[in-house]
Amino acid sequence: MSTRFLAVFALILACAAGPARAQDVAAPFDADLQRLAEILGGLHYLRAICGANEGNKWRNEMQALIDAETPSGERRTRMIAGFNRGYNGFQQTYRSCTPAATVAIRRYIEEGSKISRDLTARYAN
């Protein structure tokens, strides 16, 4: 191998192994945000099949969460994956509104509200 190739390869490795940007570092509340994102995804699907006629309300709530947190890189990817996991999980289980789906909606709204209150109380400026 040529010396020039090795120098370029070493430079690429050094850049890849450099410190993560501040935005990519996990925050202490990231697990809660990911769970909240998953809840929003589940609600987006379940409320639609149960005839809530809310349109994109829950997707818009997720977008507002992303806009407020402004994550980048891996943090953003994990939040979006949480929303999609919540949506897809219920999509695979429910094709129509059932009593169990209604219970899941109620529980998700309660859990999401609790997470939101706790995060606000603990981390709000």
# chains A, B, ... in the order shown; residues from 1 in each chain; ligands from 1
call {"tool": "residues_around", "arguments": {"residues": "range 105-107 of chain A", "least_positions_apart": "2", "cutoff": "12 Å", "atoms": "only C-alpha atoms", "output": "VMD selection string"}}
result
chain A and resid 39 to 50 52 86 90 97 to 103 109 to 114
call {"tool": "select_by_dssp", "arguments": {"residues": "range 13-109 of chain A", "states": "alpha helix (DSSP H)", "output": "number ranges by chain"}}
result
A: 13-16, 30-49, 57-69, 73-93, 99-109
call {"tool": "write_last_selection", "arguments": {"atoms": "C-alpha atoms", "output": "JSON list (two decimals), in the first residue's frame"}}
result
[["chain", "number", "residue", "atom", "x", "y", "z"],
["A", 13, "LEU", "CA", -10.25, 6.58, 11.09],
["A", 14, "ALA", "CA", -9.27, 9.52, 13.27],
["A", 15, "CYS", "CA", -12.31, 11.51, 12.14],
["A", 16, "ALA", "CA", -14.65, 8.57, 12.69],
["A", 30, "ASP", "CA", -33.65, 9.91, 26.54],
["A", 31, "ALA", "CA", -35.27, 6.66, 27.66],
["A", 32, "ASP", "CA", -38.36, 8.61, 28.71],
["A", 33, "LEU", "CA", -38.41, 10.49, 25.39],
["A", 34, "GLN", "CA", -38.14, 7.24, 23.46],
["A", 35, "ARG", "CA", -41.02, 5.75, 25.45],
["A", 36, "LEU", "CA", -43.07, 8.89, 24.87],
["A", 37, "ALA", "CA", -42.32, 8.66, 21.15],
["A", 38, "GLU", "CA", -43.47, 5.02, 21.16],
["A", 39, "ILE", "CA", -46.68, 6.01, 22.94],
["A", 40, "LEU", "CA", -47.34, 8.76, 20.39],
["A", 41, "GLY", "CA", -46.87, 6.27, 17.55],
["A", 42, "GLY", "CA", -49.27, 3.83, 19.16],
["A", 43, "LEU", "CA", -51.85, 6.55, 19.72],
["A", 44, "HIS", "CA", -51.48, 7.74, 16.13],
["A", 45, "TYR", "CA", -52.52, 4.31, 14.91],
["A", 46, "LEU", "CA", -55.07, 3.34, 17.55],
["A", 47, "ARG", "CA", -56.99, 6.62, 17.62],
["A", 48, "ALA", "CA", -57.34, 6.47, 13.83],
["A", 49, "ILE", "CA", -58.83, 2.97, 13.78],
["A", 57, "LYS", "CA", -52.70, 15.03, 15.83],
["A", 58, "TRP", "CA", -50.34, 12.44, 17.34],
["A", 59, "ARG", "CA", -47.83, 12.65, 14.50],
["A", 60, "ASN", "CA", -47.86, 16.44, 14.96],
["A", 61, "GLU", "CA", -47.25, 15.96, 18.70],
["A", 62, "MET", "CA", -44.24, 13.82, 17.81],
["A", 63, "GLN", "CA", -42.98, 16.51, 15.44],
["A", 64, "ALA", "CA", -43.42, 19.11, 18.19],
["A", 65, "LEU", "CA", -41.41, 16.89, 20.54],
["A", 66, "ILE", "CA", -38.61, 16.61, 17.98],
["A", 67, "ASP", "CA", -38.74, 20.35, 17.31],
["A", 68, "ALA", "CA", -38.54, 21.12, 21.03],
["A", 69, "GLU", "CA", -35.72, 18.68, 21.74],
["A", 73, "GLY", "CA", -27.86, 11.96, 14.62],
["A", 74, "GLU", "CA", -28.47, 8.84, 16.66],
["A", 75, "ARG", "CA", -30.78, 10.53, 19.19],
["A", 76, "ARG", "CA", -33.13, 11.67, 16.43],
["A", 77, "THR", "CA", -33.02, 8.24, 14.82],
["A", 78, "ARG", "CA", -33.93, 6.56, 18.13],
["A", 79, "MET", "CA", -36.86, 8.91, 18.74],
["A", 80, "ILE", "CA", -38.28, 8.34, 15.27],
["A", 81, "ALA", "CA", -37.73, 4.60, 15.59],
["A", 82, "GLY", "CA", -39.69, 4.67, 18.87],
["A", 83, "PHE", "CA", -42.66, 6.36, 17.16],
["A", 84, "ASN", "CA", -42.55, 3.85, 14.31],
["A", 85, "ARG", "CA", -42.24, 0.92, 16.73],
["A", 86, "GLY", "CA", -45.36, 2.09, 18.58],
["A", 87, "TYR", "CA", -47.31, 2.54, 15.36],
["A", 88, "ASN", "CA", -46.19, -0.73, 13.76],
["A", 89, "GLY", "CA", -46.71, -2.76, 16.92],
["A", 90, "PHE", "CA", -50.39, -1.91, 17.09],
["A", 91, "GLN", "CA", -50.80, -2.08, 13.32],
["A", 92, "GLN", "CA", -49.76, -5.73, 13.47],
["A", 93, "THR", "CA", -52.17, -6.46, 16.31],
["A", 99, "PRO", "CA", -62.43, -3.02, 23.59],
["A", 100, "ALA", "CA", -58.77, -3.95, 24.13],
["A", 101, "ALA", "CA", -57.68, -1.19, 21.73],
["A", 102, "THR", "CA", -59.81, 1.29, 23.69],
["A", 103, "VAL", "CA", -58.16, 0.18, 26.93],
["A", 104, "ALA", "CA", -54.71, 0.53, 25.30],
["A", 105, "ILE", "CA", -55.59, 4.08, 24.21],
["A", 106, "ARG", "CA", -56.66, 5.04, 27.72],
["A", 107, "ARG", "CA", -53.53, 3.53, 29.27],
["A", 108, "TYR", "CA", -51.25, 5.15, 26.72],
["A", 109, "ILE", "CA", -52.79, 8.56, 27.28]]
